[in-house]
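Inspection log for the structure reproduced underneath, given as structure tokens.
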Amino acid sequence: MKKTLVLLGIAFAIMAMAATIKVGVVLPMTGGISAFGQLTWEGIELAHEMMPTVAGNEVKLILLDNRSEKTEAANAVARAIDKEKVVAILGEVASSHSLAGGAVAEEKHTPMLSPSSTNPLVTQGKKYVSRVCFIDPFQGGAAAVFAAKKLNAKTAVIFTDIQQDYSVGLTNFFMKAFKKLGGRAMQVFYNTGDQDFTAQISTALAFNPDVIFITGYYPEAALISRQARQLGYKGYIMGGDGLEAPELISIGGKAVEGLYFTTHFHAKAAATPMTKKFVAMYEKKFKKEPSALGALGFDAYLILMNAMEKVLKANPDIVNNLQAFRDALAKEIRNTKDFEGATGKITIDKNGNAIKSVVVDVVKNGKFDFAAIINPDEIPM
């Protein structure tokens, strides 16, 4: 009996030593781009189920909805840091949201790891904001390489959403690379939430483009594709990773058949053993094929846990000093080298940006199918 009591005492002492580590997750779970948030959350949730503890400590996820709004993105990050006392934040998805929320995270010295914000400004000049996705100079360049070399496009019209930092940046990088590859390009502009694109499409058709490149998000891209086909456009349509959501197909229908877009992941481009594991787990839990956003959310969580484990192994007591923990974690994230995630091998450089290849998908028979991989050394910079 005495021995049992001693063992129980040791067990309780160990439990008392273990901490609950809070991680904020700030995503657009409702609003205009809610599909992005929901898909990303599926990946994060799956990774958390696979690794619910780190170095013996429970990891608790605090999910906050930014309602697809920039201002609310900043407010949600502030609430996570000040009220919930999180050690780090996973998010945001849209670059404009990450710029807003990242400014708060930087000011409050709290690491923020974005699964999918690709605009270079998201991490520029910051010590606490990093990402697990490629950046738009690579994405725009890869799209230009695919258009020029795979589709033999000589002329392009870029549809730019002037309300989205992501769209403006991606447009500039595509146009710069496409011109270096010998192409001619022009821009037309629209706003988030627009429904009628007749004027822009008419201008585009007068330019007689081989490819229309849409740099915004899936709701408008689906409508632009439908209206372009209705007005007689028969050339290629392309987009960036902002087009990858099931709603692109459900809204766009037959008009998006054959549409190409740059992205971060496809199951057919299995890059690591973790890719296959992720695909099997995802399909078992959600009964559907995994998305790139789900894979990025999955990788973001695991990279955060990898960094956290290294920090805690070096100094287990750091859990009792929240700010020291945050500071050490922000630095360790940027020490990530050749991490084998679902989206491939990921290295995060000193500026907080991931170095990796770009996947190109195509809408085929009403589904997203694999088309190509563009490596960094193929992209004109």
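Identifiers in the structure tokens: chain A, B, ... in order shown; residue index from 1 per chain; ligand index from 1 in order shown.
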
As a PyMOL selection string, please: all residues of region 286-372 of chain A that backbone DSSP puts in strand (DSSP E). chain A and resi 339-341+344-348+354-355+358-364+367-372

Can you spit out the residues from that selection as a PDB file, in the first residue's frame, using C-alpha atoms?
ATOM      1  CA  PHE A 339      11.661  19.228 -42.626  1.00  0.00           C
ATOM      2  CA  GLU A 340       9.746  16.407 -44.287  1.00  0.00           C
ATOM      3  CA  GLY A 341       6.157  17.562 -44.380  1.00  0.00           C
ATOM      4  CA  GLY A 344       7.561  18.175 -49.366  1.00  0.00           C
ATOM      5  CA  LYS A 345      10.876  19.116 -47.802  1.00  0.00           C
ATOM      6  CA  ILE A 346      10.647  22.520 -46.169  1.00  0.00           C
ATOM      7  CA  THR A 347      13.480  24.856 -45.222  1.00  0.00           C
ATOM      8  CA  ILE A 348      12.649  28.203 -43.632  1.00  0.00           C
ATOM      9  CA  ALA A 354       9.951  28.659 -47.052  1.00  0.00           C
ATOM     10  CA  ILE A 355      12.099  27.386 -49.906  1.00  0.00           C
ATOM     11  CA  VAL A 358       5.657  24.983 -56.986  1.00  0.00           C
ATOM     12  CA  VAL A 359       2.976  22.478 -58.035  1.00  0.00           C
ATOM     13  CA  VAL A 360       0.633  23.189 -60.960  1.00  0.00           C
ATOM     14  CA  ASP A 361      -2.836  21.621 -60.931  1.00  0.00           C
ATOM     15  CA  VAL A 362      -5.549  21.510 -63.579  1.00  0.00           C
ATOM     16  CA  VAL A 363      -9.326  21.157 -63.329  1.00  0.00           C
ATOM     17  CA  LYS A 364     -10.036  17.869 -65.077  1.00  0.00           C
ATOM     18  CA  LYS A 367     -11.710  17.618 -60.026  1.00  0.00           C
ATOM     19  CA  PHE A 368      -8.294  19.064 -59.242  1.00  0.00           C
ATOM     20  CA  ASP A 369      -5.652  16.969 -60.992  1.00  0.00           C
ATOM     21  CA  PHE A 370      -1.859  17.151 -61.028  1.00  0.00           C
ATOM     22  CA  ALA A 371      -0.254  18.848 -64.052  1.00  0.00           C
ATOM     23  CA  ALA A 372       3.391  19.756 -63.335  1.00  0.00           C
TER      24      ALA A 372
END

Within 10 Å of Ala177 (chain A) using only C-alpha atoms, minus same-chain residues under 6 positions, as a ChimeraX atom specification: /A:137-138,140-145,148,183,379-381

Go ahead and dump the residues you just picked, N, CA and C atoms, as a PDB file, in the first residue's frame.
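Below is the file that was written, again-v1.pdb:
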ATOM      1  N   PRO A 137       7.034  35.810 -55.512  1.00  0.00           N
ATOM      2  CA  PRO A 137       8.009  35.869 -56.608  1.00  0.00           C
ATOM      3  C   PRO A 137       8.228  34.497 -57.240  1.00  0.00           C
ATOM      4  N   PHE A 138       8.252  33.439 -56.420  1.00  0.00           N
ATOM      5  CA  PHE A 138       8.384  32.081 -56.941  1.00  0.00           C
ATOM      6  C   PHE A 138       7.101  31.644 -57.646  1.00  0.00           C
ATOM      7  N   GLY A 140       4.566  33.529 -58.903  1.00  0.00           N
ATOM      8  CA  GLY A 140       4.322  34.279 -60.127  1.00  0.00           C
ATOM      9  C   GLY A 140       5.278  33.856 -61.233  1.00  0.00           C
ATOM     10  N   GLY A 141       6.542  33.628 -60.853  1.00  0.00           N
ATOM     11  CA  GLY A 141       7.531  33.185 -61.825  1.00  0.00           C
ATOM     12  C   GLY A 141       7.219  31.803 -62.360  1.00  0.00           C
ATOM     13  N   ALA A 142       6.803  30.905 -61.468  1.00  0.00           N
ATOM     14  CA  ALA A 142       6.454  29.539 -61.879  1.00  0.00           C
ATOM     15  C   ALA A 142       5.262  29.546 -62.826  1.00  0.00           C
ATOM     16  N   ALA A 143       4.265  30.383 -62.532  1.00  0.00           N
ATOM     17  CA  ALA A 143       3.092  30.492 -63.406  1.00  0.00           C
ATOM     18  C   ALA A 143       3.495  31.008 -64.782  1.00  0.00           C
ATOM     19  N   ALA A 144       4.417  31.970 -64.802  1.00  0.00           N
ATOM     20  CA  ALA A 144       4.889  32.520 -66.073  1.00  0.00           C
ATOM     21  C   ALA A 144       5.649  31.463 -66.876  1.00  0.00           C
ATOM     22  N   VAL A 145       6.483  30.676 -66.199  1.00  0.00           N
ATOM     23  CA  VAL A 145       7.220  29.599 -66.864  1.00  0.00           C
ATOM     24  C   VAL A 145       6.247  28.585 -67.465  1.00  0.00           C
ATOM     25  N   ALA A 148       4.420  30.209 -70.495  1.00  0.00           N
ATOM     26  CA  ALA A 148       5.270  30.442 -71.667  1.00  0.00           C
ATOM     27  C   ALA A 148       5.835  29.158 -72.258  1.00  0.00           C
ATOM     28  N   GLY A 183       7.154  37.260 -73.392  1.00  0.00           N
ATOM     29  CA  GLY A 183       5.722  37.467 -73.557  1.00  0.00           C
ATOM     30  C   GLY A 183       5.309  38.924 -73.445  1.00  0.00           C
ATOM     31  N   ILE A 379      12.935  29.248 -62.524  1.00  0.00           N
ATOM     32  CA  ILE A 379      12.189  30.503 -62.482  1.00  0.00           C
ATOM     33  C   ILE A 379      13.112  31.699 -62.709  1.00  0.00           C
ATOM     34  N   PRO A 380      12.828  32.549 -63.696  1.00  0.00           N
ATOM     35  CA  PRO A 380      13.653  33.749 -63.916  1.00  0.00           C
ATOM     36  C   PRO A 380      13.434  34.764 -62.804  1.00  0.00           C
ATOM     37  N   MET A 381      14.509  35.194 -62.181  1.00  0.00           N
ATOM     38  CA  MET A 381      14.393  36.143 -61.064  1.00  0.00           C
ATOM     39  C   MET A 381      15.078  37.472 -61.418  1.00  0.00           C
TER      40      MET A 381
END

Which of region 13-262 of chain A counts as helix (DSSP H, G or I) under DSSP, as a ChimeraX atom specification please? /A:13-17,34-50,70-82,95-107,120-122,136-150,165-180,198-207,218-230,241-243,246-256

Kindly save the residues from that selection, with C-alpha atoms included, as a tab-separated table (two decimals), in the first residue's frame.
chain	number	residue	atom	x	y	z
A	13	ALA	CA	4.09	15.20	-9.35
A	14	ILE	CA	4.88	14.48	-13.00
A	15	MET	CA	1.38	15.59	-14.03
A	16	ALA	CA	1.80	18.78	-12.05
A	17	MET	CA	5.09	19.50	-13.84
A	34	SER	CA	-14.34	30.80	-45.44
A	35	ALA	CA	-13.49	27.75	-47.55
A	36	PHE	CA	-9.81	28.61	-47.11
A	37	GLY	CA	-10.11	28.73	-43.34
A	38	GLN	CA	-12.13	25.52	-43.09
A	39	LEU	CA	-9.72	23.56	-45.29
A	40	THR	CA	-6.70	24.84	-43.36
A	41	TRP	CA	-8.35	23.99	-40.05
A	42	GLU	CA	-8.90	20.40	-41.22
A	43	GLY	CA	-5.15	20.01	-41.71
A	44	ILE	CA	-4.26	21.63	-38.39
A	45	GLU	CA	-6.85	19.54	-36.57
A	46	LEU	CA	-5.49	16.36	-38.15
A	47	ALA	CA	-1.89	17.19	-37.19
A	48	HIS	CA	-3.01	17.98	-33.63
A	49	GLU	CA	-4.70	14.59	-33.38
A	50	MET	CA	-1.46	12.99	-34.54
A	70	LYS	CA	-8.54	42.50	-42.25
A	71	THR	CA	-9.55	44.45	-39.16
A	72	GLU	CA	-10.91	41.38	-37.43
A	73	ALA	CA	-7.72	39.51	-38.32
A	74	ALA	CA	-5.72	42.03	-36.32
A	75	ASN	CA	-8.27	41.97	-33.48
A	76	ALA	CA	-8.25	38.17	-33.34
A	77	VAL	CA	-4.45	38.01	-33.14
A	78	ALA	CA	-4.51	40.58	-30.32
A	79	ARG	CA	-7.14	38.58	-28.41
A	80	ALA	CA	-5.17	35.38	-28.80
A	81	ILE	CA	-2.02	37.00	-27.42
A	82	ASP	CA	-3.45	39.26	-24.70
A	95	SER	CA	-1.87	37.73	-47.26
A	96	SER	CA	-3.85	40.89	-46.44
A	97	HIS	CA	-5.00	39.24	-43.21
A	98	SER	CA	-1.45	38.13	-42.37
A	99	LEU	CA	-0.17	41.64	-42.95
A	100	ALA	CA	-2.77	42.99	-40.51
A	101	GLY	CA	-2.39	40.24	-37.93
A	102	GLY	CA	1.35	39.93	-38.40
A	103	ALA	CA	1.87	43.59	-37.47
A	104	VAL	CA	0.18	42.86	-34.14
A	105	ALA	CA	2.16	39.67	-33.56
A	106	GLU	CA	5.41	41.49	-34.31
A	107	GLU	CA	4.56	44.34	-31.96
A	120	PRO	CA	6.64	38.84	-49.61
A	121	LEU	CA	5.59	41.75	-47.38
A	122	VAL	CA	4.07	39.32	-44.86
A	136	ASP	CA	4.78	35.10	-54.69
A	137	PRO	CA	8.01	35.87	-56.61
A	138	PHE	CA	8.38	32.08	-56.94
A	139	GLN	CA	4.68	31.49	-57.56
A	140	GLY	CA	4.32	34.28	-60.13
A	141	GLY	CA	7.53	33.18	-61.83
A	142	ALA	CA	6.45	29.54	-61.88
A	143	ALA	CA	3.09	30.49	-63.41
A	144	ALA	CA	4.89	32.52	-66.07
A	145	VAL	CA	7.22	29.60	-66.86
A	146	PHE	CA	4.25	27.24	-67.18
A	147	ALA	CA	2.33	29.67	-69.38
A	148	ALA	CA	5.27	30.44	-71.67
A	149	LYS	CA	6.98	27.05	-71.87
A	150	LYS	CA	4.20	24.52	-71.30
A	165	ASP	CA	-2.34	42.63	-51.47
A	166	TYR	CA	-1.90	39.02	-52.58
A	167	SER	CA	-3.43	39.71	-56.00
A	168	VAL	CA	-1.49	42.91	-56.64
A	169	GLY	CA	1.81	41.28	-55.71
A	170	LEU	CA	1.21	38.09	-57.69
A	171	THR	CA	0.27	40.14	-60.75
A	172	ASN	CA	3.53	42.09	-60.62
A	173	PHE	CA	5.71	38.99	-60.26
A	174	PHE	CA	3.91	37.11	-63.05
A	175	MET	CA	4.10	40.07	-65.41
A	176	LYS	CA	7.82	40.64	-64.73
A	177	ALA	CA	8.72	36.98	-65.33
A	178	PHE	CA	6.42	36.61	-68.35
A	179	LYS	CA	8.04	39.60	-70.06
A	180	LYS	CA	11.52	38.16	-69.34
A	198	THR	CA	-18.16	42.24	-68.84
A	199	ALA	CA	-16.11	45.44	-69.26
A	200	GLN	CA	-12.83	43.83	-68.16
A	201	ILE	CA	-13.39	40.77	-70.35
A	202	SER	CA	-14.19	42.92	-73.38
A	203	THR	CA	-10.91	44.79	-72.86
A	204	ALA	CA	-9.10	41.48	-72.48
A	205	LEU	CA	-10.59	40.01	-75.65
A	206	ALA	CA	-9.46	43.06	-77.64
A	207	PHE	CA	-5.88	42.19	-76.63
A	218	TYR	CA	-11.90	31.65	-56.12
A	219	PRO	CA	-15.31	33.44	-55.84
A	220	GLU	CA	-14.48	36.06	-58.46
A	221	ALA	CA	-12.23	33.73	-60.50
A	222	ALA	CA	-15.13	31.32	-61.04
A	223	LEU	CA	-17.39	34.14	-62.25
A	224	ILE	CA	-14.69	35.63	-64.50
A	225	SER	CA	-14.16	32.21	-66.10
A	226	ARG	CA	-17.88	31.70	-66.70
A	227	GLN	CA	-18.40	35.14	-68.19
A	228	ALA	CA	-15.23	34.93	-70.31
A	229	ARG	CA	-16.42	31.67	-71.88
A	230	GLN	CA	-19.90	33.10	-72.41
A	241	ASP	CA	-3.16	29.29	-55.23
A	242	GLY	CA	-6.04	31.59	-54.30
A	243	LEU	CA	-8.21	29.61	-56.71
A	246	PRO	CA	-14.06	23.24	-54.20
A	247	GLU	CA	-16.25	26.29	-54.74
A	248	LEU	CA	-14.19	27.20	-57.82
A	249	ILE	CA	-15.72	24.18	-59.53
A	250	SER	CA	-19.18	24.37	-57.97
A	251	ILE	CA	-19.53	28.03	-59.04
A	252	GLY	CA	-17.55	27.89	-62.28
A	253	GLY	CA	-18.89	24.59	-63.60
A	254	LYS	CA	-17.79	23.63	-67.12
A	255	ALA	CA	-16.21	27.07	-67.61
A	256	VAL	CA	-13.30	26.17	-65.29

Separation of CA of Asp327 (chain A) from CA of Thr110 (chain A) in Å: 7.2 Å

Correct to one decimal, the distance CA of Arg334 (chain A)-CA of Asp349 (chain A) is 5.9 Å

Which residues, written as a ChimeraX atom specification, have at least one atom at most 9 Å from Gly32 (chain A), with only C-alpha atoms counted and residues fewer than 5 positions away on the same chain left out? /A:67-69,192-193,219

Write a file of the just-selected residues containing C-alpha atoms, as a PDB file, in the first residue's frame.
ATOM      1  CA  ARG A  67     -14.708  36.527 -40.557  1.00  0.00           C
ATOM      2  CA  SER A  68     -12.615  37.108 -43.722  1.00  0.00           C
ATOM      3  CA  GLU A  69     -11.901  40.700 -42.630  1.00  0.00           C
ATOM      4  CA  THR A 192     -13.499  41.762 -54.185  1.00  0.00           C
ATOM      5  CA  GLY A 193     -17.213  40.991 -54.352  1.00  0.00           C
ATOM      6  CA  PRO A 219     -15.306  33.440 -55.836  1.00  0.00           C
TER       7      PRO A 219
END

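Taking CA of Thr155 (chain A) and CA of Gly235 (chain A) as endpoints, the distance between them is 10.5 Å.
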
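Candidate residues A:Val157, A:Pro209, A:Ile162, A:Lys287 were compared for distance to Gln187 (chain A), and the nearest is A:Val157, using only C-alpha atoms.
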